[in-house]
Structure formats: structure tokens, C-alpha cells
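As provided, work_23.cif (mmCIF, C-alpha atoms; chains and numbers go by the auth columns) reads as follows.
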```cif
data_upload
#
loop_
_atom_site.group_PDB
_atom_site.id
_atom_site.type_symbol
_atom_site.label_atom_id
_atom_site.label_comp_id
_atom_site.label_asym_id
_atom_site.label_seq_id
_atom_site.Cartn_x
_atom_site.Cartn_y
_atom_site.Cartn_z
_atom_site.B_iso_or_equiv
_atom_site.auth_seq_id
_atom_site.auth_asym_id
ATOM 1 C CA MET A 1 0.000 0.000 0.000 0.00 611 A
ATOM 2 C CA LYS A 2 1.258 3.484 -0.828 0.00 612 A
ATOM 3 C CA LYS A 3 1.978 5.650 2.205 0.00 613 A
ATOM 4 C CA ILE A 4 1.678 9.359 2.955 0.00 614 A
ATOM 5 C CA ALA A 5 3.170 11.121 5.970 0.00 615 A
ATOM 6 C CA ILE A 6 1.348 13.885 7.813 0.00 616 A
ATOM 7 C CA LEU A 7 3.590 15.717 10.248 0.00 617 A
ATOM 8 C CA LEU A 8 2.154 16.203 13.727 0.00 618 A
ATOM 9 C CA ALA A 9 3.026 18.462 16.656 0.00 619 A
ATOM 10 C CA ASP A 10 1.131 20.499 19.263 0.00 620 A
ATOM 11 C CA TYR A 11 -1.242 23.268 18.170 0.00 621 A
ATOM 12 C CA PHE A 12 -2.003 21.783 14.756 0.00 622 A
ATOM 13 C CA ASP A 13 -4.993 23.206 12.922 0.00 623 A
ATOM 14 C CA ASP A 14 -7.808 20.663 13.270 0.00 624 A
ATOM 15 C CA ASN A 15 -9.156 20.947 9.732 0.00 625 A
ATOM 16 C CA GLU A 16 -5.733 21.127 8.085 0.00 626 A
ATOM 17 C CA MET A 17 -4.732 17.818 9.674 0.00 627 A
ATOM 18 C CA PHE A 18 -7.950 15.774 9.716 0.00 628 A
ATOM 19 C CA TYR A 19 -9.312 16.769 6.280 0.00 629 A
ATOM 20 C CA PRO A 20 -6.253 15.495 4.317 0.00 630 A
ATOM 21 C CA TYR A 21 -5.908 12.550 6.721 0.00 631 A
ATOM 22 C CA TYR A 22 -9.304 11.144 5.775 0.00 632 A
ATOM 23 C CA ARG A 23 -9.318 12.255 2.119 0.00 633 A
ATOM 24 C CA LEU A 24 -6.003 10.503 1.450 0.00 634 A
ATOM 25 C CA GLN A 25 -7.349 7.336 3.087 0.00 635 A
ATOM 26 C CA GLU A 26 -10.377 7.551 0.802 0.00 636 A
ATOM 27 C CA GLU A 27 -7.921 7.595 -2.122 0.00 637 A
ATOM 28 C CA GLY A 28 -6.386 4.327 -0.877 0.00 638 A
ATOM 29 C CA TYR A 29 -3.281 5.627 0.882 0.00 639 A
ATOM 30 C CA GLN A 30 -2.001 4.508 4.269 0.00 640 A
ATOM 31 C CA VAL A 31 -1.648 7.768 6.170 0.00 641 A
ATOM 32 C CA ASP A 32 0.901 7.824 8.985 0.00 642 A
ATOM 33 C CA LEU A 33 1.059 10.602 11.557 0.00 643 A
ATOM 34 C CA ILE A 34 4.772 11.320 11.949 0.00 644 A
ATOM 35 C CA GLY A 35 6.061 13.230 14.947 0.00 645 A
ATOM 36 C CA HIS A 36 8.985 13.656 17.270 0.00 646 A
ATOM 37 C CA GLU A 37 8.057 10.692 19.486 0.00 647 A
ATOM 38 C CA LYS A 38 6.041 7.552 18.661 0.00 648 A
ATOM 39 C CA GLY A 39 2.828 7.339 20.688 0.00 649 A
ATOM 40 C CA ALA A 40 2.937 10.970 21.791 0.00 650 A
ATOM 41 C CA SER A 41 -0.423 12.718 21.994 0.00 651 A
ATOM 42 C CA HIS A 42 -0.630 16.167 20.457 0.00 652 A
ATOM 43 C CA PHE A 43 -3.435 18.647 20.843 0.00 653 A
ATOM 44 C CA SER A 44 -4.945 20.890 18.228 0.00 654 A
ATOM 45 C CA LYS A 45 -5.711 24.590 18.414 0.00 655 A
ATOM 46 C CA LYS A 46 -9.284 23.655 19.354 0.00 656 A
ATOM 47 C CA GLY A 47 -8.397 20.956 21.886 0.00 657 A
ATOM 48 C CA GLN A 48 -8.706 17.754 19.855 0.00 658 A
ATOM 49 C CA THR A 49 -5.955 15.196 20.221 0.00 659 A
ATOM 50 C CA ALA A 50 -4.141 12.996 17.739 0.00 660 A
ATOM 51 C CA VAL A 51 -1.499 10.362 18.464 0.00 661 A
ATOM 52 C CA VAL A 52 1.779 10.007 16.586 0.00 662 A
ATOM 53 C CA ASP A 53 2.000 6.679 14.736 0.00 663 A
ATOM 54 C CA LEU A 54 5.757 6.776 14.167 0.00 664 A
ATOM 55 C CA ALA A 55 8.743 8.856 15.227 0.00 665 A
ATOM 56 C CA ALA A 56 10.364 10.735 12.353 0.00 666 A
ATOM 57 C CA SER A 57 13.794 9.480 13.415 0.00 667 A
ATOM 58 C CA GLU A 58 12.632 5.852 13.106 0.00 668 A
ATOM 59 C CA VAL A 59 11.075 5.870 9.627 0.00 669 A
ATOM 60 C CA ASN A 60 12.553 5.708 6.157 0.00 670 A
ATOM 61 C CA PRO A 61 11.451 8.663 3.989 0.00 671 A
ATOM 62 C CA SER A 62 11.861 6.409 0.930 0.00 672 A
ATOM 63 C CA ASP A 63 8.812 4.442 2.126 0.00 673 A
ATOM 64 C CA TYR A 64 6.545 7.475 1.556 0.00 674 A
ATOM 65 C CA GLU A 65 5.017 8.911 -1.607 0.00 675 A
ATOM 66 C CA GLY A 66 4.706 12.406 -0.141 0.00 676 A
ATOM 67 C CA MET A 67 4.126 14.509 2.949 0.00 677 A
ATOM 68 C CA ILE A 68 1.578 17.011 4.272 0.00 678 A
ATOM 69 C CA ILE A 69 2.486 19.764 6.732 0.00 679 A
ATOM 70 C CA PRO A 70 -0.663 21.084 8.436 0.00 680 A
ATOM 71 C CA GLY A 71 -0.687 24.606 9.734 0.00 681 A
ATOM 72 C CA GLY A 72 -1.741 26.064 13.002 0.00 682 A
ATOM 73 C CA PHE A 73 1.255 26.712 15.192 0.00 683 A
ATOM 74 C CA SER A 74 2.504 23.128 15.004 0.00 684 A
ATOM 75 C CA PRO A 75 5.144 23.874 12.317 0.00 685 A
ATOM 76 C CA ASP A 76 6.927 26.084 14.856 0.00 686 A
ATOM 77 C CA HIS A 77 7.199 23.030 17.130 0.00 687 A
ATOM 78 C CA MET A 78 8.109 20.687 14.247 0.00 688 A
ATOM 79 C CA ARG A 79 11.095 22.757 13.202 0.00 689 A
ATOM 80 C CA ARG A 80 12.586 22.340 16.685 0.00 690 A
ATOM 81 C CA SER A 81 12.880 18.563 16.154 0.00 691 A
ATOM 82 C CA GLU A 82 16.028 17.396 14.364 0.00 692 A
ATOM 83 C CA GLY A 83 14.323 14.097 13.449 0.00 693 A
ATOM 84 C CA MET A 84 11.325 15.822 11.895 0.00 694 A
ATOM 85 C CA LYS A 85 13.554 18.253 10.008 0.00 695 A
ATOM 86 C CA ALA A 86 15.702 15.407 8.668 0.00 696 A
ATOM 87 C CA PHE A 87 12.614 13.478 7.550 0.00 697 A
ATOM 88 C CA ALA A 88 11.097 16.504 5.777 0.00 698 A
ATOM 89 C CA SER A 89 14.415 17.393 4.168 0.00 699 A
ATOM 90 C CA ALA A 90 14.793 13.853 2.820 0.00 700 A
ATOM 91 C CA ILE A 91 11.272 13.917 1.340 0.00 701 A
ATOM 92 C CA ASN A 92 12.235 17.138 -0.448 0.00 702 A
ATOM 93 C CA THR A 93 15.604 15.784 -1.606 0.00 703 A
ATOM 94 C CA GLN A 94 13.750 12.813 -3.115 0.00 704 A
ATOM 95 C CA ASN A 95 11.555 15.334 -4.979 0.00 705 A
ATOM 96 C CA LYS A 96 8.342 13.867 -3.540 0.00 706 A
ATOM 97 C CA PRO A 97 5.226 16.027 -3.202 0.00 707 A
ATOM 98 C CA ILE A 98 5.187 18.252 -0.128 0.00 708 A
ATOM 99 C CA GLY A 99 1.862 19.842 0.748 0.00 709 A
ATOM 100 C CA ALA A 100 1.964 22.761 3.169 0.00 710 A
ATOM 101 C CA ILE A 101 -1.017 24.827 4.170 0.00 711 A
ATOM 102 C CA CYS A 102 -1.247 27.994 6.245 0.00 712 A
ATOM 103 C CA HIS A 103 1.750 28.103 8.630 0.00 713 A
ATOM 104 C CA GLY A 104 3.108 24.811 7.207 0.00 714 A
ATOM 105 C CA ALA A 105 5.561 26.879 5.177 0.00 715 A
ATOM 106 C CA TRP A 106 7.483 27.530 8.419 0.00 716 A
ATOM 107 C CA MET A 107 8.631 23.901 8.323 0.00 717 A
ATOM 108 C CA MET A 108 9.575 24.262 4.662 0.00 718 A
ATOM 109 C CA ILE A 109 11.725 27.286 5.500 0.00 719 A
ATOM 110 C CA ALA A 110 13.641 25.077 7.946 0.00 720 A
ATOM 111 C CA THR A 111 14.031 22.104 5.581 0.00 721 A
ATOM 112 C CA CYS A 112 13.823 23.155 1.915 0.00 722 A
ATOM 113 C CA ASP A 113 15.607 25.586 -0.379 0.00 723 A
ATOM 114 C CA LEU A 114 12.863 28.079 -1.226 0.00 724 A
ATOM 115 C CA LYS A 115 14.972 30.440 -3.359 0.00 725 A
ATOM 116 C CA GLY A 116 13.057 31.328 -6.500 0.00 726 A
ATOM 117 C CA ARG A 117 10.149 28.986 -5.703 0.00 727 A
ATOM 118 C CA THR A 118 6.604 30.327 -6.067 0.00 728 A
ATOM 119 C CA MET A 119 4.458 29.655 -3.006 0.00 729 A
ATOM 120 C CA THR A 120 1.520 30.800 -0.962 0.00 730 A
ATOM 121 C CA CYS A 121 0.861 30.657 2.789 0.00 731 A
ATOM 122 C CA TYR A 122 -1.072 32.368 5.540 0.00 732 A
ATOM 123 C CA HIS A 123 -0.711 36.112 5.009 0.00 733 A
ATOM 124 C CA SER A 124 1.072 36.748 8.316 0.00 734 A
ATOM 125 C CA ILE A 125 4.067 34.587 7.360 0.00 735 A
ATOM 126 C CA ARG A 126 4.403 35.969 3.837 0.00 736 A
ATOM 127 C CA ILE A 127 7.486 37.915 4.925 0.00 737 A
ATOM 128 C CA ASP A 128 9.047 34.719 6.297 0.00 738 A
ATOM 129 C CA ILE A 129 8.854 32.836 2.993 0.00 739 A
ATOM 130 C CA GLU A 130 9.969 35.928 1.082 0.00 740 A
ATOM 131 C CA ASN A 131 12.981 36.280 3.399 0.00 741 A
ATOM 132 C CA ALA A 132 13.745 32.621 2.612 0.00 742 A
ATOM 133 C CA GLY A 133 13.801 33.546 -1.090 0.00 743 A
ATOM 134 C CA ALA A 134 10.354 32.404 -2.220 0.00 744 A
ATOM 135 C CA ILE A 135 8.021 34.393 -4.437 0.00 745 A
ATOM 136 C CA PHE A 136 4.667 34.868 -2.694 0.00 746 A
ATOM 137 C CA VAL A 137 1.394 34.799 -4.614 0.00 747 A
ATOM 138 C CA ASP A 138 -2.064 35.157 -3.063 0.00 748 A
ATOM 139 C CA GLU A 139 -3.827 32.166 -4.649 0.00 749 A
ATOM 140 C CA PRO A 140 -5.872 29.285 -3.162 0.00 750 A
ATOM 141 C CA VAL A 141 -3.251 26.738 -4.244 0.00 751 A
ATOM 142 C CA VAL A 142 0.184 27.034 -5.847 0.00 752 A
ATOM 143 C CA VAL A 143 2.192 24.211 -7.402 0.00 753 A
ATOM 144 C CA ASP A 144 5.906 24.723 -8.001 0.00 754 A
ATOM 145 C CA GLY A 145 7.781 21.514 -8.712 0.00 755 A
ATOM 146 C CA ASN A 146 7.154 19.167 -5.791 0.00 756 A
ATOM 147 C CA PHE A 147 5.632 21.929 -3.608 0.00 757 A
ATOM 148 C CA VAL A 148 1.854 22.296 -3.191 0.00 758 A
ATOM 149 C CA THR A 149 0.983 25.233 -0.937 0.00 759 A
ATOM 150 C CA SER A 150 -2.247 26.863 0.215 0.00 760 A
ATOM 151 C CA ARG A 151 -3.292 29.736 2.467 0.00 761 A
ATOM 152 C CA THR A 152 -6.048 28.770 4.909 0.00 762 A
ATOM 153 C CA PRO A 153 -8.584 26.045 5.777 0.00 763 A
ATOM 154 C CA LYS A 154 -10.954 27.598 3.204 0.00 764 A
ATOM 155 C CA ASP A 155 -8.523 26.339 0.539 0.00 765 A
ATOM 156 C CA LEU A 156 -8.589 22.704 1.737 0.00 766 A
ATOM 157 C CA PRO A 157 -10.783 21.271 -1.049 0.00 767 A
ATOM 158 C CA VAL A 158 -8.540 22.581 -3.846 0.00 768 A
ATOM 159 C CA PHE A 159 -5.368 21.966 -1.812 0.00 769 A
ATOM 160 C CA VAL A 160 -6.059 18.269 -1.189 0.00 770 A
ATOM 161 C CA LYS A 161 -7.380 17.687 -4.722 0.00 771 A
ATOM 162 C CA THR A 162 -4.201 19.267 -6.153 0.00 772 A
ATOM 163 C CA PHE A 163 -1.921 17.312 -3.779 0.00 773 A
ATOM 164 C CA ILE A 164 -3.590 14.042 -4.831 0.00 774 A
ATOM 165 C CA ALA A 165 -3.129 14.987 -8.490 0.00 775 A
ATOM 166 C CA GLN A 166 0.596 15.558 -7.826 0.00 776 A
ATOM 167 C CA LEU A 167 0.847 12.094 -6.261 0.00 777 A
ATOM 168 C CA ASN A 168 -0.730 10.533 -9.332 0.00 778 A
#
```
Entire entry expressed as C-alpha cells:
Amino acid sequence: MKKIAILLADYFDDNEMFYPYYRLQEEGYQVDLIGHEKGASHFSKKGQTAVVDLAASEVNPSDYEGMIIPGGFSPDHMRRSEGMKAFASAINTQNKPIGAICHGAWMMIATCDLKGRTMTCYHSIRIDIENAGAIFVDEPVVVDGNFVTSRTPKDLPVFVKTFIAQLN
């Protein structure tokens, strides 16, 4: 079965994690929640919890077809984990699809070369991706190579549909 990784840390946006989680399962993918520590519970911005299936330091990025980085404030926590950064960097090096929505671009800043790449994100971190060398555009979804980026939960339908198209 083909596998997709969704990165998980505290303060994830509920919709930006659960919507792709279930949609990708509907498409026939095994979806693994990858975090800093296997079995760790993480809470969302609205108080829901999700449990990490596998620690980033214990999985082989080659086993995955792509990766989703949900927003909320979780990407700020993700980028503090060397294991999560190494996993995300390897997915990028292997040129596999990386979907980042909202604040997910924070993790991309820490793990990917954004120079000259066209992206979108939540408006408040526009300056962050521009300082990392990306070109910001205010669109519901932007595809640039292996990157699929979106702005907010309102963009989830087009974001997930586009990410699935990139996988296929």
C-alpha cells in the first residue's frame, strides 16, 4: 500500500490535519502521523488530540510517496525537532510532493531551499517565505515543482485535490 506522511506536533490546525488525513485514506493511501516521538499525543488549536503513529527518526522517507504539513502553530514546534527536520528534508531531496497549508511553510523554511520557488501561505508569514527567497502569490493553491501550498482552511478542497493529483 502506498503511504503518505502527515507531520504532527502540538497546536495543529484541526481541519488542516484531519481533512487530508481522511481524504487521502479515501484515495487508498495509508496515512501515517509522523512526529517527534512515537505514541505521543498532540493537541490541536481547538483541543482535539491525535497520536503520533511513528517517530520521524525511526522511519525511512523512501517508504513514503509524499508529505503534508498542516498549519496552526505546530510547524513552529516541528522545526525544533532534528528528526522531523531530517525526515522533511529527505522527502524534499527525493523530490516527492510536499503539501503545506497555512503556517506549514514555516517547516519548509527550515528544511527546503525556497529560493526562486513560487508559493503561498497564511498572510502573516508571507514575509518569512519571502525572506527565505520564495516568491509569494495570493492564490488558493500554488504548485511549483514538488511543492503544493495553500493559504487557509478555506482552501482545503482545492489543496487536497491538487496534492492528490501531484501524487498521481
Counting only C-alpha atoms, what is within 8 Å of Leu618 (chain A), bar same-chain residues fewer than 6 positions away, as a PyMOL selection string?
chain A and resi 643-645+652+662+679-680+684+688
Identify, on the basis of only C-alpha atoms, every residue whose closest approach to Cys722 (chain A) does not exceed 9 Å; exclude the query and any residue fewer than 2 positions from it along the same chain; express the result as an mmCIF file with C-alpha atoms, in the coordinates of the input.
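Final output, saved to result.cif:
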```
data_model
loop_
_atom_site.group_PDB
_atom_site.id
_atom_site.type_symbol
_atom_site.label_atom_id
_atom_site.label_comp_id
_atom_site.auth_asym_id
_atom_site.auth_seq_id
_atom_site.Cartn_x
_atom_site.Cartn_y
_atom_site.Cartn_z
ATOM 1 C CA ALA A 698 11.097 16.504 5.777
ATOM 2 C CA SER A 699 14.415 17.393 4.168
ATOM 3 C CA ASN A 702 12.235 17.138 -0.448
ATOM 4 C CA THR A 703 15.604 15.784 -1.606
ATOM 5 C CA MET A 717 8.631 23.901 8.323
ATOM 6 C CA MET A 718 9.575 24.262 4.662
ATOM 7 C CA ILE A 719 11.725 27.286 5.500
ATOM 8 C CA ALA A 720 13.641 25.077 7.946
ATOM 9 C CA LEU A 724 12.863 28.079 -1.226
#
```
Just say which residues the PyMOL selection byres ((chain A and resi 752) around 12) picks in this file, as a count of residues only.
32
What is the CA of Lys656 (chain A) to CA of Ile678 (chain A) distance in Å?
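Value for the CA of Lys656 (chain A)-CA of Ile678 (chain A) distance: 19.7 Å.
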Report, in Å to a single decimal, how far apart CA of Ala666 (chain A) and CA of Val641 (chain A) are.
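CA of Val641 (chain A) sits 13.8 Å away from CA of Ala666 (chain A).
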What's the separation between CA of His646 (chain A) and CA of Gly714 (chain A), in Å to one decimal place?
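One can read the CA of His646 (chain A) to CA of Gly714 (chain A) distance as 16.1 Å.
Nearest to Leu766 (chain A) of all the residues A:Cys712, A:Phe697, A:Glu692, A:Ala615 is A:Cys712, based on all atoms listed in the file.
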Pick the closest to Asn625 (chain A) from A:Asn778, A:Ser654, A:Thr721, A:Pro671: which is it, counting all atoms listed in the file?
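Under the stated criterion, the closest residue is A:Ser654.
Using all atoms listed in the file, the shortest contact distance between Ile735 (chain A) and any of A:Gly681, A:Gly638, A:Asp623, A:Ala775 is found at A:Gly681.
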For the point (-1.5, 11.7, 22.4) in file coordinates, what residues are within 8 Å, counting all atoms listed in the file? Give the answer as a ChimeraX atom specification?
/A:649-653,659-662
Convert the current residue selection to file output with C-alpha atoms, as a short mmCIF file (atom, residue, chain, number, x, y, z; two decimals), in the frame of the given file.
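Saved file result.cif follows:
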```cif
data_model
loop_
_atom_site.label_atom_id
_atom_site.label_comp_id
_atom_site.auth_asym_id
_atom_site.auth_seq_id
_atom_site.Cartn_x
_atom_site.Cartn_y
_atom_site.Cartn_z
CA GLY A 649 2.83 7.34 20.69
CA ALA A 650 2.94 10.97 21.79
CA SER A 651 -0.42 12.72 21.99
CA HIS A 652 -0.63 16.17 20.46
CA PHE A 653 -3.44 18.65 20.84
CA THR A 659 -5.96 15.20 20.22
CA ALA A 660 -4.14 13.00 17.74
CA VAL A 661 -1.50 10.36 18.46
CA VAL A 662 1.78 10.01 16.59
#
```
Taking the file above as input, evaluate the PyMOL selection byres ((chain A and resi 675) around 8) and report the hits as an mmCIF file with C-alpha atoms, in the coordinates of the input.
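For reference, out_22.cif as written:
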```
data_model
loop_
_atom_site.group_PDB
_atom_site.id
_atom_site.type_symbol
_atom_site.label_atom_id
_atom_site.label_comp_id
_atom_site.auth_asym_id
_atom_site.auth_seq_id
_atom_site.Cartn_x
_atom_site.Cartn_y
_atom_site.Cartn_z
ATOM 1 C CA LYS A 612 1.258 3.484 -0.828
ATOM 2 C CA LYS A 613 1.978 5.650 2.205
ATOM 3 C CA ILE A 614 1.678 9.359 2.955
ATOM 4 C CA SER A 672 11.861 6.409 0.930
ATOM 5 C CA ASP A 673 8.812 4.442 2.126
ATOM 6 C CA TYR A 674 6.545 7.475 1.556
ATOM 7 C CA GLY A 676 4.706 12.406 -0.141
ATOM 8 C CA MET A 677 4.126 14.509 2.949
ATOM 9 C CA LYS A 706 8.342 13.867 -3.540
ATOM 10 C CA PRO A 707 5.226 16.027 -3.202
ATOM 11 C CA LEU A 777 0.847 12.094 -6.261
#
```
Can you work out which one of A:Val669, A:Met694, A:Ile737, A:Ala742 has the shortest atom-to-atom distance to Leu617 (chain A), counting only C-alpha atoms?
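Among A:Val669, A:Met694, A:Ile737, A:Ala742, it is A:Met694 that comes nearest to Leu617 (chain A).
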Generate the missing atoms of region 618-629 of chain A up to N, CA and C atoms and report them as an mmCIF file, in the coordinates of the input.
```cif
data_model
loop_
_atom_site.group_PDB
_atom_site.id
_atom_site.type_symbol
_atom_site.label_atom_id
_atom_site.label_comp_id
_atom_site.auth_asym_id
_atom_site.auth_seq_id
_atom_site.Cartn_x
_atom_site.Cartn_y
_atom_site.Cartn_z
ATOM 1 N N LEU A 618 3.024 15.889 12.594
ATOM 2 C CA LEU A 618 2.154 16.203 13.727
ATOM 3 C C LEU A 618 2.958 16.749 14.897
ATOM 4 N N ALA A 619 2.471 17.863 15.439
ATOM 5 C CA ALA A 619 3.026 18.462 16.656
ATOM 6 C C ALA A 619 1.902 19.266 17.315
ATOM 7 N N ASP A 620 2.143 19.748 18.527
ATOM 8 C CA ASP A 620 1.131 20.499 19.263
ATOM 9 C C ASP A 620 0.676 21.746 18.504
ATOM 10 N N TYR A 621 -0.582 22.091 18.738
ATOM 11 C CA TYR A 621 -1.242 23.268 18.170
ATOM 12 C C TYR A 621 -1.476 23.172 16.673
ATOM 13 N N PHE A 622 -1.661 21.917 16.159
ATOM 14 C CA PHE A 622 -2.003 21.783 14.756
ATOM 15 C C PHE A 622 -3.411 22.316 14.514
ATOM 16 N N ASP A 623 -3.651 22.784 13.302
ATOM 17 C CA ASP A 623 -4.993 23.206 12.922
ATOM 18 C C ASP A 623 -5.829 21.953 12.660
ATOM 19 N N ASP A 624 -6.944 21.847 13.336
ATOM 20 C CA ASP A 624 -7.808 20.663 13.270
ATOM 21 C C ASP A 624 -8.159 20.287 11.824
ATOM 22 N N ASN A 625 -8.712 21.229 11.097
ATOM 23 C CA ASN A 625 -9.156 20.947 9.732
ATOM 24 C C ASN A 625 -7.985 20.624 8.813
ATOM 25 N N GLU A 626 -6.880 21.312 8.976
ATOM 26 C CA GLU A 626 -5.733 21.127 8.085
ATOM 27 C C GLU A 626 -5.020 19.794 8.324
ATOM 28 N N MET A 627 -5.288 19.149 9.432
ATOM 29 C CA MET A 627 -4.732 17.818 9.674
ATOM 30 C C MET A 627 -5.754 16.733 9.340
ATOM 31 N N PHE A 628 -6.971 16.847 9.879
ATOM 32 C CA PHE A 628 -7.950 15.774 9.716
ATOM 33 C C PHE A 628 -8.519 15.687 8.298
ATOM 34 N N TYR A 629 -8.740 16.813 7.635
ATOM 35 C CA TYR A 629 -9.312 16.769 6.280
ATOM 36 C C TYR A 629 -8.408 15.982 5.328
#
```
